[in-house]
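protein.cif (mmCIF, C-alpha atoms)
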data_target
loop_
_atom_site.label_atom_id
_atom_site.label_comp_id
_atom_site.auth_asym_id
_atom_site.auth_seq_id
_atom_site.Cartn_x
_atom_site.Cartn_y
_atom_site.Cartn_z
CA MET Y 1 2.10 -69.37 9.93
CA LYS Y 2 -0.23 -68.44 7.09
CA TYR Y 3 -2.96 -67.29 9.53
CA PHE Y 4 -0.39 -65.37 11.52
CA PHE Y 5 0.58 -63.55 8.33
CA TYR Y 6 -3.08 -62.70 7.50
CA GLY Y 7 -3.62 -61.58 11.08
CA PHE Y 8 -0.57 -59.37 10.83
CA CYS Y 9 -1.90 -57.85 7.59
CA ILE Y 10 -5.29 -57.12 9.18
CA CYS Y 11 -3.61 -55.48 12.16
CA LEU Y 12 -1.57 -53.39 9.75
CA LEU Y 13 -4.68 -52.31 7.87
CA ILE Y 14 -6.52 -51.43 11.08
CA SER Y 15 -3.59 -49.44 12.38
CA CYS Y 16 -3.58 -47.67 9.03
CA PHE Y 17 -7.26 -46.70 9.29
CA THR Y 18 -7.13 -45.66 12.89
CA LYS Y 19 -4.05 -43.61 12.24
CA LYS Y 20 -5.69 -41.94 9.26
CA ASN Y 21 -8.88 -41.27 11.13
CA HIS Y 22 -6.95 -39.93 14.02
CA ARG Y 23 -4.88 -37.66 11.87
CA PHE Y 24 -7.70 -36.21 9.80
CA TYR Y 25 -10.55 -36.29 12.28
CA ASP Y 26 -10.20 -32.73 13.48
CA TYR Y 27 -9.74 -31.26 10.05
CA ASP Y 28 -12.58 -33.09 8.35
CA ARG Y 29 -15.15 -32.32 10.99
CA LYS Y 30 -17.14 -29.39 9.65
CA VAL Y 31 -17.59 -26.23 11.67
CA LEU Y 32 -19.27 -22.89 11.04
CA GLY Y 33 -16.90 -20.76 9.00
CA TRP Y 34 -16.64 -18.76 5.81
CA LYS Y 35 -17.10 -19.87 2.23
CA PRO Y 36 -15.87 -17.88 -0.78
CA ILE Y 37 -18.27 -16.72 -3.49
CA TYR Y 38 -16.74 -16.56 -6.93
CA GLY Y 39 -17.56 -14.05 -9.65
CA ALA Y 40 -16.95 -14.33 -13.36
CA ASP Y 41 -13.78 -12.78 -14.67
CA ILE Y 42 -15.72 -10.67 -17.15
CA ASP Y 43 -17.66 -8.84 -14.42
CA TYR Y 44 -14.79 -7.83 -12.24
CA LYS Y 45 -12.85 -6.46 -15.19
CA LYS Y 46 -15.32 -3.67 -15.89
CA ILE Y 47 -14.64 -0.20 -14.57
CA THR Y 48 -17.34 2.45 -14.65
CA TYR Y 49 -17.40 6.19 -14.08
CA LEU Y 50 -20.13 7.68 -11.95
CA PRO Y 51 -20.30 11.48 -12.44
CA THR Y 52 -21.79 12.15 -9.00
CA ALA Y 53 -20.68 11.83 -5.38
CA LYS Y 54 -21.24 8.50 -3.69
CA PRO Y 55 -21.36 7.89 0.07
CA THR Y 56 -18.12 6.49 1.50
CA VAL Y 57 -18.81 3.26 3.36
CA LYS Y 58 -15.38 1.68 3.80
CA PRO Y 59 -12.91 4.58 3.62
CA GLY Y 60 -9.45 3.63 2.39
CA LYS Y 61 -6.15 5.18 1.38
CA ILE Y 62 -5.74 8.70 0.08
CA TYR Y 63 -3.82 10.05 -2.91
CA VAL Y 64 -3.42 13.53 -4.36
CA TYR Y 65 -2.55 14.66 -7.87
CA ASN Y 66 -2.76 18.32 -8.88
CA ASN Y 67 -6.28 19.55 -8.07
CA LEU Y 68 -7.84 16.20 -7.38
CA ILE Y 69 -7.82 14.11 -4.22
CA TYR Y 70 -8.59 10.41 -4.46
CA GLN Y 71 -9.86 8.21 -1.67
CA ASN Y 72 -10.17 4.47 -2.01
CA GLU Y 73 -13.46 2.79 -1.20
CA VAL Y 74 -11.96 -0.45 0.09
CA GLY Y 75 -12.61 -3.21 -2.40
CA SER Y 76 -14.78 -1.28 -4.84
CA GLY Y 77 -13.23 1.85 -6.30
CA ILE Y 78 -12.09 5.43 -5.94
CA HIS Y 79 -13.88 8.58 -4.81
CA ILE Y 80 -12.74 11.72 -6.63
CA ILE Y 81 -12.67 15.00 -4.73
CA ASN Y 82 -12.31 18.29 -6.57
CA ASN Y 83 -9.81 20.39 -4.67
CA SER Y 84 -9.36 23.29 -7.08
CA SER Y 85 -10.80 25.47 -4.33
CA PRO Y 86 -9.61 23.88 -1.05
CA ALA Y 87 -12.03 25.94 1.04
CA ALA Y 88 -14.91 24.32 -0.87
CA ALA Y 89 -13.50 20.91 -1.75
CA GLN Y 90 -16.13 18.30 -2.50
CA LYS Y 91 -16.68 14.81 -3.80
CA VAL Y 92 -17.57 14.94 -7.46
CA ALA Y 93 -17.30 11.45 -8.92
CA PHE Y 94 -16.55 7.77 -8.38
CA ILE Y 95 -14.66 5.26 -10.49
CA SER Y 96 -15.70 1.71 -9.68
CA ILE Y 97 -12.81 -0.74 -9.73
CA ALA Y 98 -13.66 -4.08 -8.15
CA GLY Y 99 -11.23 -5.31 -5.53
CA ASN Y 100 -9.25 -2.08 -5.45
CA THR Y 101 -7.23 -0.82 -2.48
CA ASP Y 102 -4.31 1.13 -3.90
CA ILE Y 103 -3.64 3.61 -6.68
CA ALA Y 104 -0.86 5.79 -8.05
CA ILE Y 105 -1.03 8.35 -10.83
CA LYS Y 106 1.47 9.74 -13.28
CA GLY Y 107 0.50 12.06 -16.09
CA ASN Y 108 -2.65 10.79 -17.76
CA TYR Y 109 -2.41 7.30 -16.32
CA LEU Y 110 -3.76 5.75 -13.15
CA TYR Y 111 -2.32 2.47 -11.84
CA ALA Y 112 -4.58 0.31 -9.69
CA ASN Y 113 -5.04 -3.18 -8.36
CA ASN Y 114 -8.22 -4.84 -9.64
CA PHE Y 115 -8.54 -7.94 -7.47
CA MET Y 116 -5.44 -9.95 -8.39
CA ASP Y 117 -4.66 -7.93 -11.51
CA MET Y 118 -2.74 -4.74 -12.10
CA ILE Y 119 -4.51 -2.33 -14.45
CA VAL Y 120 -3.37 0.85 -16.19
CA VAL Y 121 -6.20 3.32 -16.76
CA ASP Y 122 -6.01 6.20 -19.24
CA ILE Y 123 -7.67 9.15 -17.46
CA SER Y 124 -6.93 11.81 -20.07
CA ASN Y 125 -10.67 11.99 -20.65
CA ALA Y 126 -11.73 12.30 -17.02
CA THR Y 127 -15.30 11.16 -17.54
CA ASN Y 128 -14.36 8.14 -19.60
CA PRO Y 129 -11.57 6.22 -17.89
CA ASN Y 130 -10.29 3.49 -20.11
CA ILE Y 131 -8.20 0.42 -19.26
CA VAL Y 132 -5.21 0.32 -21.59
CA LYS Y 133 -3.23 -2.49 -19.98
CA ARG Y 134 -3.95 -5.42 -17.69
CA ILE Y 135 -1.35 -7.67 -16.05
CA LYS Y 136 -3.13 -10.72 -14.74
CA ASN Y 137 -2.65 -12.43 -11.39
CA VAL Y 138 0.26 -10.37 -10.07
CA TYR Y 139 -1.32 -10.03 -6.62
CA ASN Y 140 -1.85 -13.60 -5.56
CA SER Y 141 -2.90 -15.64 -2.60
CA THR Y 142 0.26 -14.79 -0.70
CA SER Y 143 -0.59 -11.12 -0.50
CA LEU Y 144 -1.40 -9.67 2.88
CA ASP Y 145 -4.94 -9.88 4.20
CA ALA Y 146 -5.03 -6.23 5.08
CA ASN Y 147 -4.44 -5.16 1.51
CA TYR Y 148 -6.44 -7.78 -0.35
CA PRO Y 149 -9.28 -8.46 2.08
CA TRP Y 150 -11.26 -10.68 -0.28
CA LEU Y 151 -8.55 -13.34 -0.36
CA THR Y 152 -9.43 -14.32 3.19
CA PRO Y 153 -12.75 -13.92 4.99
CA PRO Y 154 -13.69 -10.72 6.83
CA GLU Y 155 -13.28 -12.32 10.27
CA SER Y 156 -10.91 -14.75 11.90
CA GLY Y 157 -11.82 -18.43 11.94
CA TYR Y 158 -11.94 -21.39 9.57
CA TYR Y 159 -12.76 -20.94 5.90
CA GLU Y 160 -13.00 -23.01 2.75
CA CYS Y 161 -9.59 -22.86 1.09
CA PRO Y 162 -9.99 -20.79 -2.09
CA LYS Y 163 -9.48 -22.29 -5.52
CA TYR Y 164 -7.56 -20.08 -7.86
CA ASN Y 165 -8.21 -20.22 -11.55
CA ALA Y 166 -7.90 -17.95 -14.51
CA ASP Y 167 -11.54 -17.09 -15.17
CA SER Y 168 -13.03 -16.34 -11.77
CA VAL Y 169 -12.20 -14.42 -8.61
CA ILE Y 170 -13.48 -14.28 -5.05
CA ILE Y 171 -15.99 -11.47 -4.82
CA ASN Y 172 -17.50 -12.12 -1.42
CA TRP Y 173 -17.65 -14.41 1.62
CA VAL Y 174 -20.67 -16.01 3.30
CA LYS Y 175 -21.07 -18.01 6.51
CA ASP Y 176 -21.26 -21.75 5.89
CA SER Y 177 -20.26 -25.14 7.24
CA VAL Y 178 -16.63 -25.69 6.28
CA GLN Y 179 -13.73 -28.10 6.86
CA GLN Y 180 -10.91 -26.98 9.07
CA TYR Y 181 -8.03 -26.70 6.61
CA CYS Y 182 -7.70 -22.95 6.12
CA ARG Y 183 -7.81 -20.64 9.08
CA LYS Y 184 -7.49 -16.92 9.44
CA LEU Y 185 -5.84 -15.95 12.73
CA MET M 1 42.09 19.91 -23.24
CA LYS M 2 40.27 21.97 -25.87
CA ASN M 3 39.61 18.83 -27.91
CA PHE M 4 38.29 17.08 -24.82
CA ILE M 5 35.82 19.90 -24.17
CA ILE M 6 34.61 19.91 -27.78
CA VAL M 7 34.20 16.13 -27.77
CA SER M 8 32.36 16.34 -24.46
CA ILE M 9 29.99 18.99 -25.78
CA VAL M 10 29.29 16.94 -28.91
CA ILE M 11 28.60 13.83 -26.82
CA MET M 12 26.31 15.75 -24.48
CA ALA M 13 24.47 17.29 -27.41
CA LEU M 14 23.99 13.85 -28.96
CA ALA M 15 22.80 12.40 -25.68
CA ALA M 16 20.31 15.23 -25.29
CA CYS M 17 19.10 14.63 -28.85
CA SER M 18 18.52 10.96 -28.35
CA LYS M 19 16.58 11.69 -25.17
CA ASP M 20 14.37 14.26 -26.87
CA GLY M 21 13.81 11.93 -29.75
CA GLY M 22 12.30 9.29 -27.46
CA SER M 23 8.68 8.53 -28.28
CA ASN M 24 7.66 8.93 -24.65
CA ALA M 25 9.19 12.28 -23.85
CA ASP M 26 5.77 13.57 -22.78
CA VAL M 27 5.23 10.61 -20.47
CA ALA M 28 8.72 10.80 -19.02
CA SER M 29 8.30 14.44 -18.09
CA ALA M 30 4.83 13.99 -16.57
CA THR M 31 4.65 14.42 -12.84
CA SER M 32 3.29 11.84 -10.44
CA GLY M 33 0.99 12.30 -7.48
CA LYS M 34 1.55 11.75 -3.80
CA GLY M 35 0.12 9.07 -1.54
CA GLY M 36 -0.35 8.86 2.20
CA SER M 37 2.05 6.96 4.45
CA LEU M 38 -0.16 3.86 4.31
CA ALA M 39 0.43 3.56 0.55
CA ARG M 40 1.66 0.38 -1.07
CA PHE M 41 2.16 1.98 -4.49
CA THR M 42 4.77 4.62 -5.23
CA ILE M 43 6.03 6.03 -8.51
CA VAL M 44 9.61 7.19 -8.98
CA ASN M 45 10.35 8.51 -12.47
CA ASN M 46 9.52 5.70 -14.90
CA TYR M 47 8.97 2.98 -12.33
CA LEU M 48 6.10 1.99 -10.09
CA TYR M 49 7.06 0.13 -6.91
CA VAL M 50 4.49 -2.00 -5.11
CA ALA M 51 4.82 -3.41 -1.59
CA ASP M 52 2.79 -6.56 -1.96
CA GLY M 53 2.47 -8.73 1.13
CA TYR M 54 5.94 -10.24 1.12
CA SER M 55 7.45 -8.98 -2.10
CA LEU M 56 8.56 -5.74 -3.68
CA LYS M 57 7.34 -5.55 -7.27
CA THR M 58 8.79 -3.20 -9.86
CA TYR M 59 6.85 -2.10 -12.93
CA ASN M 60 8.38 -0.25 -15.84
CA ILE M 61 5.82 2.44 -16.74
CA SER M 62 7.90 4.38 -19.27
CA ASN M 63 5.32 3.37 -21.83
CA PRO M 64 2.11 3.20 -19.74
CA GLN M 65 0.16 1.27 -22.34
CA ASN M 66 2.83 -1.38 -22.23
CA THR M 67 3.47 -1.41 -18.48
CA GLU M 68 5.61 -4.39 -17.57
CA LEU M 69 6.38 -6.20 -14.34
CA VAL M 70 10.17 -6.21 -14.52
CA ASN M 71 11.20 -7.34 -11.07
CA SER M 72 9.77 -9.07 -8.02
CA ILE M 73 11.90 -9.73 -4.96
CA VAL M 74 11.09 -11.19 -1.58
CA VAL M 75 11.48 -8.70 1.27
CA ASN M 76 9.84 -10.39 4.22
CA ASN M 77 6.43 -11.40 5.42
CA GLY M 78 3.94 -8.70 6.19
CA ILE M 79 5.23 -5.71 4.28
CA GLU M 80 2.62 -2.99 4.35
CA THR M 81 3.85 0.42 3.32
CA ILE M 82 6.33 1.99 0.93
CA PHE M 83 7.85 5.45 0.88
CA ALA M 84 10.31 6.74 -1.72
CA PHE M 85 12.91 9.41 -1.10
CA LYS M 86 15.49 10.18 -3.77
CA ASN M 87 17.34 6.94 -4.54
CA GLN M 88 15.86 4.90 -1.74
CA LEU M 89 12.70 3.04 -0.89
CA PHE M 90 11.67 2.75 2.77
CA ILE M 91 9.47 -0.26 3.31
CA GLY M 92 7.46 -0.76 6.48
CA SER M 93 6.74 -4.32 7.51
CA VAL M 94 5.28 -5.83 10.64
CA ASP M 95 8.76 -6.62 11.94
CA GLY M 96 10.95 -3.84 10.70
CA MET M 97 11.86 -1.10 8.28
CA TYR M 98 13.73 -2.11 5.15
CA ILE M 99 15.78 0.21 2.96
CA TYR M 100 16.25 -0.57 -0.72
CA SER M 101 18.38 1.34 -3.19
CA ILE M 102 16.82 2.20 -6.55
CA ALA M 103 20.02 3.60 -8.00
CA THR M 104 19.38 0.92 -10.61
CA ALA M 105 15.69 1.71 -10.95
CA ALA M 106 14.59 -1.58 -12.48
CA GLN M 107 16.36 -3.65 -9.83
CA PRO M 108 15.87 -2.49 -6.24
CA ALA M 109 18.72 -3.73 -4.05
CA PHE M 110 18.64 -4.37 -0.32
CA VAL M 111 20.69 -1.85 1.66
CA GLY M 112 19.77 -2.18 5.31
CA ALA M 113 17.08 -2.89 7.86
CA ALA M 114 16.00 -1.96 11.36
CA ARG M 115 14.15 -4.76 13.12
CA HIS M 116 11.61 -4.16 15.83
CA LEU M 117 8.87 -5.95 17.68
CA ARG M 118 5.85 -6.91 15.63
CA SER M 119 3.59 -3.95 14.88
CA CYS M 120 2.11 -1.86 12.07
CA ASP M 121 4.54 0.76 10.86
CA PRO M 122 4.25 3.46 8.23
CA VAL M 123 7.53 5.22 7.39
CA VAL M 124 8.48 8.65 6.11
CA ALA M 125 12.04 9.76 5.54
CA ASN M 126 14.44 12.40 4.32
CA ASP M 127 18.17 12.42 3.59
CA SER M 128 19.27 11.67 7.11
CA THR M 129 16.32 10.38 9.10
CA ALA M 130 13.50 7.86 8.89
CA PHE M 131 10.42 8.32 11.07
CA VAL M 132 8.45 5.19 11.83
CA THR M 133 5.28 4.93 13.86
CA LEU M 134 4.65 1.63 15.58
CA LEU M 135 1.16 0.65 16.53
CA GLY M 136 0.94 -2.49 18.61
CA ASN M 137 -2.41 -4.25 18.69
CA GLN M 138 -4.06 -7.60 18.19
CA ARG M 139 -3.60 -7.69 14.44
CA CYS M 140 -0.23 -6.03 14.26
CA GLY M 141 1.71 -7.33 17.27
CA PRO M 142 2.96 -6.40 20.71
CA ALA M 143 5.35 -3.47 20.08
CA GLU M 144 5.01 -0.42 22.28
CA ASP M 145 3.05 2.39 20.60
CA GLY M 146 5.24 5.29 19.61
CA LEU M 147 7.36 7.27 17.19
CA TYR M 148 10.69 5.61 16.40
CA VAL M 149 13.35 7.83 14.86
CA TYR M 150 16.21 6.24 12.92
CA ASP M 151 19.38 7.91 11.72
CA VAL M 152 19.80 6.61 8.15
CA LYS M 153 22.87 8.59 7.12
CA VAL M 154 24.51 5.17 6.86
CA PRO M 155 21.55 3.31 5.36
CA THR M 156 23.17 -0.10 5.72
CA THR M 157 22.84 0.27 9.50
CA PRO M 158 19.87 2.41 10.57
CA LEU M 159 20.43 3.64 14.09
CA LEU M 160 17.59 4.20 16.56
CA ILE M 161 18.18 7.71 17.93
CA ASN M 162 14.86 8.35 19.63
CA LYS M 163 11.79 6.51 20.74
CA LYS M 164 8.89 8.67 21.80
CA VAL M 165 6.07 6.74 23.40
CA MET M 166 2.65 8.04 22.35
CA PRO M 167 -0.77 6.46 22.10
CA THR M 168 -2.14 4.94 18.86
CA PRO M 169 0.15 6.44 16.20
CA ALA M 170 -0.88 5.58 12.63
CA GLY M 171 -0.23 7.50 9.39
CA ILE M 172 2.51 10.16 9.31
CA GLY M 173 3.50 13.02 7.04
CA LEU M 174 6.67 15.08 6.86
CA SER M 175 6.77 18.65 5.58
CA ASP M 176 10.31 20.01 5.84
CA SER M 177 11.06 19.84 9.55
CA ILE M 178 7.47 19.41 10.73
CA LEU M 179 6.10 15.93 11.36
CA TYR M 180 2.35 15.27 11.44
CA ILE M 181 1.38 12.12 13.33
CA CYS M 182 -2.15 10.72 13.07
CA GLN M 183 -3.11 9.23 16.41
CA LYS M 184 -6.59 7.94 15.71
CA THR M 185 -8.85 8.86 18.66
CA ASN M 186 -5.96 10.77 20.22
CA GLY M 187 -5.93 13.36 17.45
CA LEU M 188 -3.15 14.69 15.24
CA GLY M 189 0.22 15.40 16.83
CA ILE M 190 2.45 18.09 15.36
CA TYR M 191 6.18 17.90 16.11
CA ASN M 192 9.19 19.93 15.09
CA VAL M 193 11.91 17.47 14.06
CA GLN M 194 14.58 19.96 13.05
CA ASN M 195 16.73 18.05 15.49
CA PRO M 196 15.41 14.53 14.81
CA ALA M 197 16.96 13.05 17.95
CA THR M 198 14.70 15.27 20.04
CA PRO M 199 11.29 15.87 18.40
CA VAL M 200 9.63 18.90 19.98
CA PHE M 201 5.88 18.77 20.56
CA ARG M 202 4.10 21.79 19.10
CA LYS M 203 0.39 21.14 18.95
CA GLN M 204 -2.33 18.49 19.09
CA LEU M 205 -5.50 18.72 16.98
CA GLN M 206 -8.34 16.88 18.67
CA ASN M 207 -11.55 17.19 16.70
CA TYR M 208 -11.36 14.05 14.59
CA ILE M 209 -10.17 10.44 14.54
CA PHE M 210 -7.05 10.73 12.38
CA GLU M 211 -5.90 7.80 10.21
CA ASP M 212 -3.51 9.16 7.57
CA VAL M 213 -2.18 12.42 6.23
CA ILE M 214 -0.59 13.95 3.13
CA PRO M 215 1.22 17.31 3.32
CA TYR M 216 0.88 18.73 -0.21
CA ASN M 217 2.49 22.15 -0.61
CA ASN M 218 0.47 24.42 1.69
CA LEU M 219 -2.28 21.90 2.12
CA LEU M 220 -2.59 19.19 4.74
CA ILE M 221 -4.97 16.45 3.58
CA CYS M 222 -6.24 14.36 6.47
CA TYR M 223 -8.08 11.08 6.21
CA VAL M 224 -10.29 10.93 9.31
CA SER M 225 -12.92 8.41 10.32
CA THR M 226 -15.79 10.62 9.17
CA GLY M 227 -14.27 11.74 5.86
CA LEU M 228 -11.50 14.08 4.77
CA VAL M 229 -10.44 17.33 6.39
CA LEU M 230 -8.26 19.89 4.60
CA TYR M 231 -6.06 22.35 6.46
CA ASP M 232 -4.01 25.30 5.30
CA ILE M 233 -0.45 24.81 6.57
CA SER M 234 1.13 28.06 5.38
CA ASN M 235 2.05 28.15 9.04
CA LYS M 236 3.12 24.54 9.40
CA THR M 237 2.65 24.27 13.14
CA ASN M 238 -0.72 25.95 13.19
CA PRO M 239 -3.05 24.28 10.65
CA VAL M 240 -6.16 26.25 9.75
CA GLN M 241 -9.16 24.17 8.75
CA LEU M 242 -10.36 24.88 5.22
CA SER M 243 -12.99 22.28 4.47
CA VAL M 244 -14.53 18.97 5.49
CA ILE M 245 -15.67 16.31 3.04
CA ASN M 246 -17.99 13.97 4.85
CA ASN M 247 -18.19 10.25 4.10
#

Do you think you could lay out the structure here as structure tokens?
Amino acid sequence: MKYFFYGFCICLLISCFTKKNHRFYDYDRKVLGWKPIYGADIDYKKITYLPTAKPTVKPGKIYVYNNLIYQNEVGSGIHIINNSSPAAAQKVAFISIAGNTDIAIKGNYLYANNFMDMIVVDISNATNPNIVKRIKNVYNSTSLDANYPWLTPPESGYYECPKYNADSVIINWVKDSVQQYCRKL
Amino acid sequence: MKNFIIVSIVIMALAACSKDGGSNADVASATSGKGGSLARFTIVNNYLYVADGYSLKTYNISNPQNTELVNSIVVNNGIETIFAFKNQLFIGSVDGMYIYSIATAAQPAFVGAARHLRSCDPVVANDSTAFVTLLGNQRCGPAEDGLYVYDVKVPTTPLLINKKVMPTPAGIGLSDSILYICQKTNGLGIYNVQNPATPVFRKQLQNYIFEDVIPYNNLLICYVSTGLVLYDISNKTNPVQLSVINN
């Protein structure tokens, strides 16, 4: 009876292992996918003003306010186009805002997403934009890929599930061997 | 009656005083800019509304330096665009158009929705009509490409009054009764929507790959694949190219 009990226990343990292995096998097996690269909080918070035109590489959304037209450079900032003479409109400057896709302007203030944060930028001195308010982590992991492209990799496939913490953000993605837990469709 | 009028005048005068005395009178009176139909941010008076993935976020910006997130409500998965007209927000999502009332500005309230097959769908609207373009593709979903026109006179129940099939519609802009529809490689379609149930085709511009558009007074600002193109639309159905800003 005693041996029967031990035997039963061993069977139970084996069934446990095989079940576990079976359940996790596919997920644990590593495949080629995408791995996030994190950047320090302090770097992504900086905004800088470049007083010259910059080539547009990833054109994004457009916005107009009085004589200026703004076009987002997806994920990195805003091109400024002087439109005071529409027949000779031209790019004149660039404000770098890491992780930016959307803006809105009212009066002397520009509202923008800066990775997961919302920032308010005083633009009363056009050549010296100045962040006057930051609301942290309002755009989180549940936001749509299309708007916050750095939260998921640039292509479909498996990727290392991001870790979210207060002092770093995802700034890029690289190809790497990853487990199959997170997947972009 | 005379007393009532005097009391009313005194109350109105007091109300006006208290408004003027506000520390942010300059901010309150400042104007805001205008985004394209793909925008996720829109400012109405002292509030900024953000369509963020699945939620609608409301920021109080009456004191910009102390901007506050005052409300966040779940709309649905895959909301992508937001357009404000008077007291209503029109939100485009991958499975429908949602109308929210901002009569209480700090607390948008659901009014109505028009569901459709999965697709990408910017919205523009006026008092009576909402114009939605649906673009079906791998990322967005299987809906048939086209312009969908909804009667929103009763915003609780938007009514589909026209569906005009057209290839690859994307960003849209409305200037009075003229609708500009970016159609990517198929150009820019110009329609008269004076009678919204039967949009009348007027012209197709073909020289660029059109993504989004902002009609801004007499100027039509087009975001095209190679940069920006500005047109004079003093004659709304016959845009005259003014300048090109290359990427």

Got a sec to pull out which chain M residues are within 8 Å of chain Y, counting all atoms listed in the file, and send them as a PyMOL selection string?
chain M and resi 27+30-36+38-43+52-54+64-68+78-80+212+214+216+223+225+227+230+242-245+247

Starting from the shown file, work through the PyMOL selection byres ((chain Y and resi 35) around 7) and note down what comes out as an mmCIF file with C-alpha atoms, in the frame of the given file.
data_model
loop_
_atom_site.group_PDB
_atom_site.id
_atom_site.type_symbol
_atom_site.label_atom_id
_atom_site.label_comp_id
_atom_site.auth_asym_id
_atom_site.auth_seq_id
_atom_site.Cartn_x
_atom_site.Cartn_y
_atom_site.Cartn_z
ATOM 1 C CA GLY Y 33 -16.900 -20.760 9.000
ATOM 2 C CA TRP Y 34 -16.640 -18.760 5.810
ATOM 3 C CA PRO Y 36 -15.870 -17.880 -0.780
ATOM 4 C CA ILE Y 37 -18.270 -16.720 -3.490
ATOM 5 C CA TYR Y 159 -12.760 -20.940 5.900
ATOM 6 C CA GLU Y 160 -13.000 -23.010 2.750
ATOM 7 C CA TRP Y 173 -17.650 -14.410 1.620
ATOM 8 C CA VAL Y 174 -20.670 -16.010 3.300
ATOM 9 C CA LYS Y 175 -21.070 -18.010 6.510
ATOM 10 C CA ASP Y 176 -21.260 -21.750 5.890
#

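Put simply, CA of Asn87 in chain M is 25.2 Å away from CA of Leu220 in chain M.
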
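Of the listed residues M:Asp145, M:Pro155, M:Gly136, M:Asn71, the one whose atoms come nearest to Met97 in chain M is M:Pro155, with distances taken using all atoms listed in the file.
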
Residues returned when the PyMOL selection byres ((chain M and resi 57) around 6) runs on this file, as a list in words:
Tyr49, Val50, Leu56, Thr58, Asn71 and Ser72 of chain M

Taking the file as shown, what set of residues would the PyMOL selection byres ((chain M and resi 173) around 7) give back, as a short mmCIF file (atom, residue, chain, number, x, y, z; two decimals) with C-alpha atoms, keeping the file's coordinate frame?
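To be explicit, this is the file written out as out_5.cif:
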data_model
loop_
_atom_site.label_atom_id
_atom_site.label_comp_id
_atom_site.auth_asym_id
_atom_site.auth_seq_id
_atom_site.Cartn_x
_atom_site.Cartn_y
_atom_site.Cartn_z
CA SER M 37 2.05 6.96 4.45
CA VAL M 124 8.48 8.65 6.11
CA ILE M 172 2.51 10.16 9.31
CA LEU M 174 6.67 15.08 6.86
CA SER M 175 6.77 18.65 5.58
CA LEU M 179 6.10 15.93 11.36
CA TYR M 180 2.35 15.27 11.44
CA ILE M 181 1.38 12.12 13.33
CA VAL M 213 -2.18 12.42 6.23
CA ILE M 214 -0.59 13.95 3.13
CA PRO M 215 1.22 17.31 3.32
#

Would you mind reading off the distance between CA of Val123 in chain M and CA of Ile161 in chain M, one decimal, in Å?
15.2 Å

Please tell me which residues are no farther than 6 Å from (19.0, 9.3, 13.9) in the file, counting all atoms listed in the file, and write them as number ranges by chain.
M: 129, 149-151, 159-161, 197

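As for CA of Ser101 in chain M and CA of Asn76 in chain M, they are spaced 16.3 Å apart.
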
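When all atoms listed in the file are used to measure the gap to Asn217 in chain M, the shortest distance among Y:Thr48, Y:Pro129, Y:Asn67, Y:Tyr181 belongs to Y:Asn67.
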
Tell me which protein, DNA and RNA residues are within 7 Å of Tyr98 in chain M, counting all atoms listed in the file, leaving out same-chain ones fewer than 5 positions away, and put them as a PyMOL selection string.
chain M and resi 90-92+112-114

Return as AutoDock Vina command-line options the centre and edge lengths, in Å with one decimal, of the box along x, y and z that encloses every atom of range 94-112 of chain Y in the file, padded by 6 Å per side.
--center_x -7.5 --center_y 3.4 --center_z -10.1 --size_x 30.0 --size_y 29.4 --size_z 27.3

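Minimum atom-to-atom distances from M:Ile73, M:Val240, M:Ala105, M:Leu89 to Asn60 in chain M were compared using all atoms listed in the file, and the lowest value belongs to M:Ala105.
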